[in-house]
Amino acid sequence: FTTDFGHSDHFVGAMKGVVAGIAPQARVIDISHEVAPYNVTEAAFVIAEAWQYFPKRTIHVVVVDPGVGSSRRPILAEAAGHFFVAPDNGVLSMVFDAAVHKVRVISNPKFMRREISRTFHGRDVFAPAAAHLANGAKAAAFGKLIHDYIRTAIARPSRESPSRNSKDAWRGAILKIDRFGNLITNFAAREFAGINTRPFEMRAGAQRIHRLALTYAETDVGDLFVIVGSSGYLEIAANQTSAASLLGCSAGAPVELDLY
């Protein structure tokens, strides 16, 4: 399960109760319920960083759904031997980028609760669909294949016209703020290896950052720098301090990178 429901309300427990009632043998694992409310970009990053570490035939339920109750569709995706049950709002975009996939709309009422709330599809649509899938229901029974599902380019920075003083100018975004206040950008380190050998400037909030560090330990407490994170993306960090607080940024905020 990956949601923005937090732990203070009944939402996660109700979803697990639905699963237990339909597929009591299913093992439910929480990836995170602390995605920032309504932040589809952050949820897309969280599931993209976790799903590949699970065994094949795992069913991933992702519910960050600001469009709940609207005309947005519930979908069932298959990718690399995994299943994904989620709203059709772009939250699976990074999964789609990583693997060949096919997507179905969940339309068969047999796999939903009889009464469906307009505000809690996690309980009434997504959890029962996942549970029936765990019980052996075939993906084709959930609904027809679709090709017009929403897929965004959140993981891909865009190149801009070079500024007067730079050779390469790029515009990206913050995918997530982690628990330590690090800003995980969508600049993949392998695609921007020039940052290791060329002068650069990364801009986020009102800050301009020119330092690349290999480890946190080589910086002083409070120093602001860029580092390659464990996810393979460039991160803006501050030693033992929240870079997010220093910069006043949140997931989805723009980040610019110039390589000179």
# chains A, B, ... in the order shown; residues from 1 in each chain; ligands from 1
$ closest_atom_pairs --of "range 130-234 of chain A" --to "range 105-113 of chain A" --cutoff "6 Å" --atoms "only C-alpha atoms" --output "JSON lines"
{"residue": "A:Phe142", "atom": "CA", "partner": "A:Ile106", "partner_atom": "CA", "distance": 5.1}
{"residue": "A:Gly143", "atom": "CA", "partner": "A:Ile106", "partner_atom": "CA", "distance": 5.1}
{"residue": "A:Lys144", "atom": "CA", "partner": "A:Val105", "partner_atom": "CA", "distance": 6.0}
$ select_by_dssp --residues "range 86-154 of chain A" --states "strand (DSSP E or B)" --output "PDB file with N, CA and C atoms, in the first residue's frame"
ATOM      1  N   ALA A  86      -4.607   1.586  -9.124  1.00  0.00           N
ATOM      2  CA  ALA A  86      -4.412   3.008  -8.835  1.00  0.00           C
ATOM      3  C   ALA A  86      -5.422   3.848  -9.608  1.00  0.00           C
ATOM      4  N   PRO A  87      -5.562   5.110  -9.244  1.00  0.00           N
ATOM      5  CA  PRO A  87      -6.359   6.027 -10.066  1.00  0.00           C
ATOM      6  C   PRO A  87      -5.591   6.402 -11.334  1.00  0.00           C
ATOM      7  N   HIS A 101       4.373  -2.292 -20.341  1.00  0.00           N
ATOM      8  CA  HIS A 101       3.194  -2.380 -19.502  1.00  0.00           C
ATOM      9  C   HIS A 101       1.925  -2.428 -20.342  1.00  0.00           C
ATOM     10  N   LYS A 102       0.848  -2.840 -19.712  1.00  0.00           N
ATOM     11  CA  LYS A 102      -0.482  -2.717 -20.297  1.00  0.00           C
ATOM     12  C   LYS A 102      -1.431  -2.293 -19.193  1.00  0.00           C
ATOM     13  N   VAL A 103      -2.469  -1.588 -19.585  1.00  0.00           N
ATOM     14  CA  VAL A 103      -3.345  -0.934 -18.621  1.00  0.00           C
ATOM     15  C   VAL A 103      -4.795  -1.263 -18.945  1.00  0.00           C
ATOM     16  N   ARG A 104      -5.548  -1.597 -17.906  1.00  0.00           N
ATOM     17  CA  ARG A 104      -6.972  -1.848 -18.045  1.00  0.00           C
ATOM     18  C   ARG A 104      -7.751  -0.893 -17.153  1.00  0.00           C
ATOM     19  N   VAL A 105      -8.946  -0.547 -17.568  1.00  0.00           N
ATOM     20  CA  VAL A 105      -9.834   0.194 -16.690  1.00  0.00           C
ATOM     21  C   VAL A 105     -10.544  -0.818 -15.793  1.00  0.00           C
ATOM     22  N   LEU A 145      -8.744  -3.281 -22.021  1.00  0.00           N
ATOM     23  CA  LEU A 145      -7.473  -2.586 -22.180  1.00  0.00           C
ATOM     24  C   LEU A 145      -7.723  -1.170 -22.681  1.00  0.00           C
ATOM     25  N   ILE A 146      -6.941  -0.227 -22.178  1.00  0.00           N
ATOM     26  CA  ILE A 146      -7.040   1.157 -22.630  1.00  0.00           C
ATOM     27  C   ILE A 146      -5.656   1.665 -23.009  1.00  0.00           C
TER      28      ILE A 146
END
$ atom_distance --atom1 "CA of Asn135 in chain A" --atom2 "CA of Phe1 in chain A"
17.0 Å
$ residues_around --residues "range 54-68 of chain A" --least-positions-apart "4" --cutoff "7 Å" --atoms "only C-alpha atoms" --output "JSON, numbers by chain"
{"A": [1, 2, 3, 4, 38, 39, 40, 43, 72, 81, 82, 83, 84, 85, 86, 87, 118, 119, 121, 122, 126, 130]}
$ closest_residue --among "A:Ser8, A:Ser71, A:Ser117, A:Asn186" --to "Met94 in chain A" --atoms "only C-alpha atoms"
A:Asn186
$ decode --residues "range 83-126 of chain A" --atoms "N, CA and C atoms" --output "PDB file, in the first residue's frame"
ATOM      1  N   PHE A  83       1.565  -6.109 -10.577  1.00  0.00           N
ATOM      2  CA  PHE A  83       0.257  -5.497 -10.797  1.00  0.00           C
ATOM      3  C   PHE A  83       0.178  -4.187 -10.011  1.00  0.00           C
ATOM      4  N   PHE A  84      -0.523  -3.227 -10.585  1.00  0.00           N
ATOM      5  CA  PHE A  84      -0.670  -1.913  -9.961  1.00  0.00           C
ATOM      6  C   PHE A  84      -2.136  -1.498 -10.036  1.00  0.00           C
ATOM      7  N   VAL A  85      -2.709  -1.223  -8.885  1.00  0.00           N
ATOM      8  CA  VAL A  85      -4.096  -0.774  -8.800  1.00  0.00           C
ATOM      9  C   VAL A  85      -4.060   0.675  -8.322  1.00  0.00           C
ATOM     10  N   ALA A  86      -4.607   1.586  -9.124  1.00  0.00           N
ATOM     11  CA  ALA A  86      -4.412   3.008  -8.835  1.00  0.00           C
ATOM     12  C   ALA A  86      -5.422   3.848  -9.608  1.00  0.00           C
ATOM     13  N   PRO A  87      -5.562   5.110  -9.244  1.00  0.00           N
ATOM     14  CA  PRO A  87      -6.359   6.027 -10.066  1.00  0.00           C
ATOM     15  C   PRO A  87      -5.591   6.402 -11.334  1.00  0.00           C
ATOM     16  N   ASP A  88      -6.317   6.715 -12.361  1.00  0.00           N
ATOM     17  CA  ASP A  88      -5.707   7.126 -13.630  1.00  0.00           C
ATOM     18  C   ASP A  88      -5.424   8.625 -13.581  1.00  0.00           C
ATOM     19  N   ASN A  89      -4.382   8.993 -12.850  1.00  0.00           N
ATOM     20  CA  ASN A  89      -4.049  10.413 -12.701  1.00  0.00           C
ATOM     21  C   ASN A  89      -2.562  10.697 -12.890  1.00  0.00           C
ATOM     22  N   GLY A  90      -1.838   9.743 -13.470  1.00  0.00           N
ATOM     23  CA  GLY A  90      -0.410   9.922 -13.696  1.00  0.00           C
ATOM     24  C   GLY A  90       0.466   9.366 -12.597  1.00  0.00           C
ATOM     25  N   VAL A  91      -0.129   8.806 -11.546  1.00  0.00           N
ATOM     26  CA  VAL A  91       0.661   8.346 -10.406  1.00  0.00           C
ATOM     27  C   VAL A  91       1.557   7.157 -10.761  1.00  0.00           C
ATOM     28  N   LEU A  92       1.260   6.463 -11.860  1.00  0.00           N
ATOM     29  CA  LEU A  92       2.083   5.331 -12.282  1.00  0.00           C
ATOM     30  C   LEU A  92       3.036   5.693 -13.420  1.00  0.00           C
ATOM     31  N   SER A  93       3.201   6.966 -13.691  1.00  0.00           N
ATOM     32  CA  SER A  93       3.995   7.388 -14.848  1.00  0.00           C
ATOM     33  C   SER A  93       5.426   6.871 -14.809  1.00  0.00           C
ATOM     34  N   MET A  94       6.057   6.884 -13.647  1.00  0.00           N
ATOM     35  CA  MET A  94       7.441   6.445 -13.563  1.00  0.00           C
ATOM     36  C   MET A  94       7.552   4.925 -13.658  1.00  0.00           C
ATOM     37  N   VAL A  95       6.525   4.216 -13.255  1.00  0.00           N
ATOM     38  CA  VAL A  95       6.479   2.770 -13.493  1.00  0.00           C
ATOM     39  C   VAL A  95       6.389   2.510 -14.992  1.00  0.00           C
ATOM     40  N   PHE A  96       5.530   3.260 -15.669  1.00  0.00           N
ATOM     41  CA  PHE A  96       5.399   3.105 -17.112  1.00  0.00           C
ATOM     42  C   PHE A  96       6.710   3.414 -17.836  1.00  0.00           C
ATOM     43  N   ASP A  97       7.476   4.368 -17.311  1.00  0.00           N
ATOM     44  CA  ASP A  97       8.764   4.697 -17.916  1.00  0.00           C
ATOM     45  C   ASP A  97       9.771   3.560 -17.759  1.00  0.00           C
ATOM     46  N   ALA A  98       9.608   2.777 -16.702  1.00  0.00           N
ATOM     47  CA  ALA A  98      10.622   1.772 -16.355  1.00  0.00           C
ATOM     48  C   ALA A  98      10.389   0.415 -16.999  1.00  0.00           C
ATOM     49  N   ALA A  99       9.183   0.118 -17.421  1.00  0.00           N
ATOM     50  CA  ALA A  99       8.899  -1.244 -17.891  1.00  0.00           C
ATOM     51  C   ALA A  99       7.791  -1.258 -18.934  1.00  0.00           C
ATOM     52  N   VAL A 100       7.854  -2.249 -19.817  1.00  0.00           N
ATOM     53  CA  VAL A 100       6.753  -2.485 -20.752  1.00  0.00           C
ATOM     54  C   VAL A 100       5.509  -2.800 -19.932  1.00  0.00           C
ATOM     55  N   HIS A 101       4.373  -2.292 -20.341  1.00  0.00           N
ATOM     56  CA  HIS A 101       3.194  -2.380 -19.502  1.00  0.00           C
ATOM     57  C   HIS A 101       1.925  -2.428 -20.342  1.00  0.00           C
ATOM     58  N   LYS A 102       0.848  -2.840 -19.712  1.00  0.00           N
ATOM     59  CA  LYS A 102      -0.482  -2.717 -20.297  1.00  0.00           C
ATOM     60  C   LYS A 102      -1.431  -2.293 -19.193  1.00  0.00           C
ATOM     61  N   VAL A 103      -2.469  -1.588 -19.585  1.00  0.00           N
ATOM     62  CA  VAL A 103      -3.345  -0.934 -18.621  1.00  0.00           C
ATOM     63  C   VAL A 103      -4.795  -1.263 -18.945  1.00  0.00           C
ATOM     64  N   ARG A 104      -5.548  -1.597 -17.906  1.00  0.00           N
ATOM     65  CA  ARG A 104      -6.972  -1.848 -18.045  1.00  0.00           C
ATOM     66  C   ARG A 104      -7.751  -0.893 -17.153  1.00  0.00           C
ATOM     67  N   VAL A 105      -8.946  -0.547 -17.568  1.00  0.00           N
ATOM     68  CA  VAL A 105      -9.834   0.194 -16.690  1.00  0.00           C
ATOM     69  C   VAL A 105     -10.544  -0.818 -15.793  1.00  0.00           C
ATOM     70  N   ILE A 106     -10.676  -0.497 -14.519  1.00  0.00           N
ATOM     71  CA  ILE A 106     -11.420  -1.365 -13.602  1.00  0.00           C
ATOM     72  C   ILE A 106     -12.890  -0.969 -13.690  1.00  0.00           C
ATOM     73  N   SER A 107     -13.682  -1.807 -14.325  1.00  0.00           N
ATOM     74  CA  SER A 107     -15.084  -1.471 -14.559  1.00  0.00           C
ATOM     75  C   SER A 107     -16.049  -2.555 -14.096  1.00  0.00           C
ATOM     76  N   ASN A 108     -15.538  -3.736 -13.788  1.00  0.00           N
ATOM     77  CA  ASN A 108     -16.397  -4.850 -13.400  1.00  0.00           C
ATOM     78  C   ASN A 108     -16.858  -4.682 -11.951  1.00  0.00           C
ATOM     79  N   PRO A 109     -18.146  -4.463 -11.719  1.00  0.00           N
ATOM     80  CA  PRO A 109     -18.632  -4.233 -10.346  1.00  0.00           C
ATOM     81  C   PRO A 109     -18.431  -5.435  -9.425  1.00  0.00           C
ATOM     82  N   LYS A 110     -18.179  -6.601 -10.006  1.00  0.00           N
ATOM     83  CA  LYS A 110     -17.933  -7.805  -9.206  1.00  0.00           C
ATOM     84  C   LYS A 110     -16.730  -7.635  -8.298  1.00  0.00           C
ATOM     85  N   PHE A 111     -15.801  -6.757  -8.698  1.00  0.00           N
ATOM     86  CA  PHE A 111     -14.549  -6.594  -7.956  1.00  0.00           C
ATOM     87  C   PHE A 111     -14.525  -5.307  -7.131  1.00  0.00           C
ATOM     88  N   MET A 112     -15.711  -4.744  -6.884  1.00  0.00           N
ATOM     89  CA  MET A 112     -15.838  -3.548  -6.059  1.00  0.00           C
ATOM     90  C   MET A 112     -16.827  -3.841  -4.929  1.00  0.00           C
ATOM     91  N   ARG A 113     -16.828  -3.002  -3.913  1.00  0.00           N
ATOM     92  CA  ARG A 113     -17.863  -3.100  -2.894  1.00  0.00           C
ATOM     93  C   ARG A 113     -19.200  -2.655  -3.495  1.00  0.00           C
ATOM     94  N   ARG A 114     -20.271  -3.174  -2.933  1.00  0.00           N
ATOM     95  CA  ARG A 114     -21.605  -2.893  -3.493  1.00  0.00           C
ATOM     96  C   ARG A 114     -21.934  -1.414  -3.414  1.00  0.00           C
ATOM     97  N   GLU A 115     -21.626  -0.808  -2.278  1.00  0.00           N
ATOM     98  CA  GLU A 115     -21.862   0.624  -2.121  1.00  0.00           C
ATOM     99  C   GLU A 115     -20.527   1.349  -2.243  1.00  0.00           C
ATOM    100  N   ILE A 116     -20.463   2.305  -3.149  1.00  0.00           N
ATOM    101  CA  ILE A 116     -19.203   2.998  -3.423  1.00  0.00           C
ATOM    102  C   ILE A 116     -19.329   4.459  -3.031  1.00  0.00           C
ATOM    103  N   SER A 117     -18.527   4.858  -2.069  1.00  0.00           N
ATOM    104  CA  SER A 117     -18.500   6.251  -1.630  1.00  0.00           C
ATOM    105  C   SER A 117     -17.872   7.122  -2.705  1.00  0.00           C
ATOM    106  N   ARG A 118     -18.315   8.371  -2.785  1.00  0.00           N
ATOM    107  CA  ARG A 118     -17.698   9.306  -3.730  1.00  0.00           C
ATOM    108  C   ARG A 118     -16.366   9.842  -3.217  1.00  0.00           C
ATOM    109  N   THR A 119     -16.040   9.549  -1.944  1.00  0.00           N
ATOM    110  CA  THR A 119     -14.821  10.121  -1.366  1.00  0.00           C
ATOM    111  C   THR A 119     -13.816   9.088  -0.880  1.00  0.00           C
ATOM    112  N   PHE A 120     -14.130   7.781  -0.983  1.00  0.00           N
ATOM    113  CA  PHE A 120     -13.217   6.782  -0.440  1.00  0.00           C
ATOM    114  C   PHE A 120     -13.132   5.567  -1.367  1.00  0.00           C
ATOM    115  N   HIS A 121     -12.588   5.783  -2.539  1.00  0.00           N
ATOM    116  CA  HIS A 121     -12.414   4.682  -3.477  1.00  0.00           C
ATOM    117  C   HIS A 121     -11.297   3.739  -3.045  1.00  0.00           C
ATOM    118  N   GLY A 122     -10.406   4.200  -2.161  1.00  0.00           N
ATOM    119  CA  GLY A 122      -9.395   3.303  -1.629  1.00  0.00           C
ATOM    120  C   GLY A 122     -10.032   2.100  -0.966  1.00  0.00           C
ATOM    121  N   ARG A 123     -11.085   2.329  -0.193  1.00  0.00           N
ATOM    122  CA  ARG A 123     -11.808   1.257   0.493  1.00  0.00           C
ATOM    123  C   ARG A 123     -12.746   0.500  -0.438  1.00  0.00           C
ATOM    124  N   ASP A 124     -13.444   1.236  -1.316  1.00  0.00           N
ATOM    125  CA  ASP A 124     -14.574   0.663  -2.042  1.00  0.00           C
ATOM    126  C   ASP A 124     -14.233   0.140  -3.434  1.00  0.00           C
ATOM    127  N   VAL A 125     -13.117   0.608  -4.012  1.00  0.00           N
ATOM    128  CA  VAL A 125     -12.738   0.184  -5.364  1.00  0.00           C
ATOM    129  C   VAL A 125     -11.354  -0.459  -5.378  1.00  0.00           C
ATOM    130  N   PHE A 126     -10.349   0.263  -4.901  1.00  0.00           N
ATOM    131  CA  PHE A 126      -8.972  -0.205  -5.056  1.00  0.00           C
ATOM    132  C   PHE A 126      -8.639  -1.395  -4.153  1.00  0.00           C
TER     133      PHE A 126
END
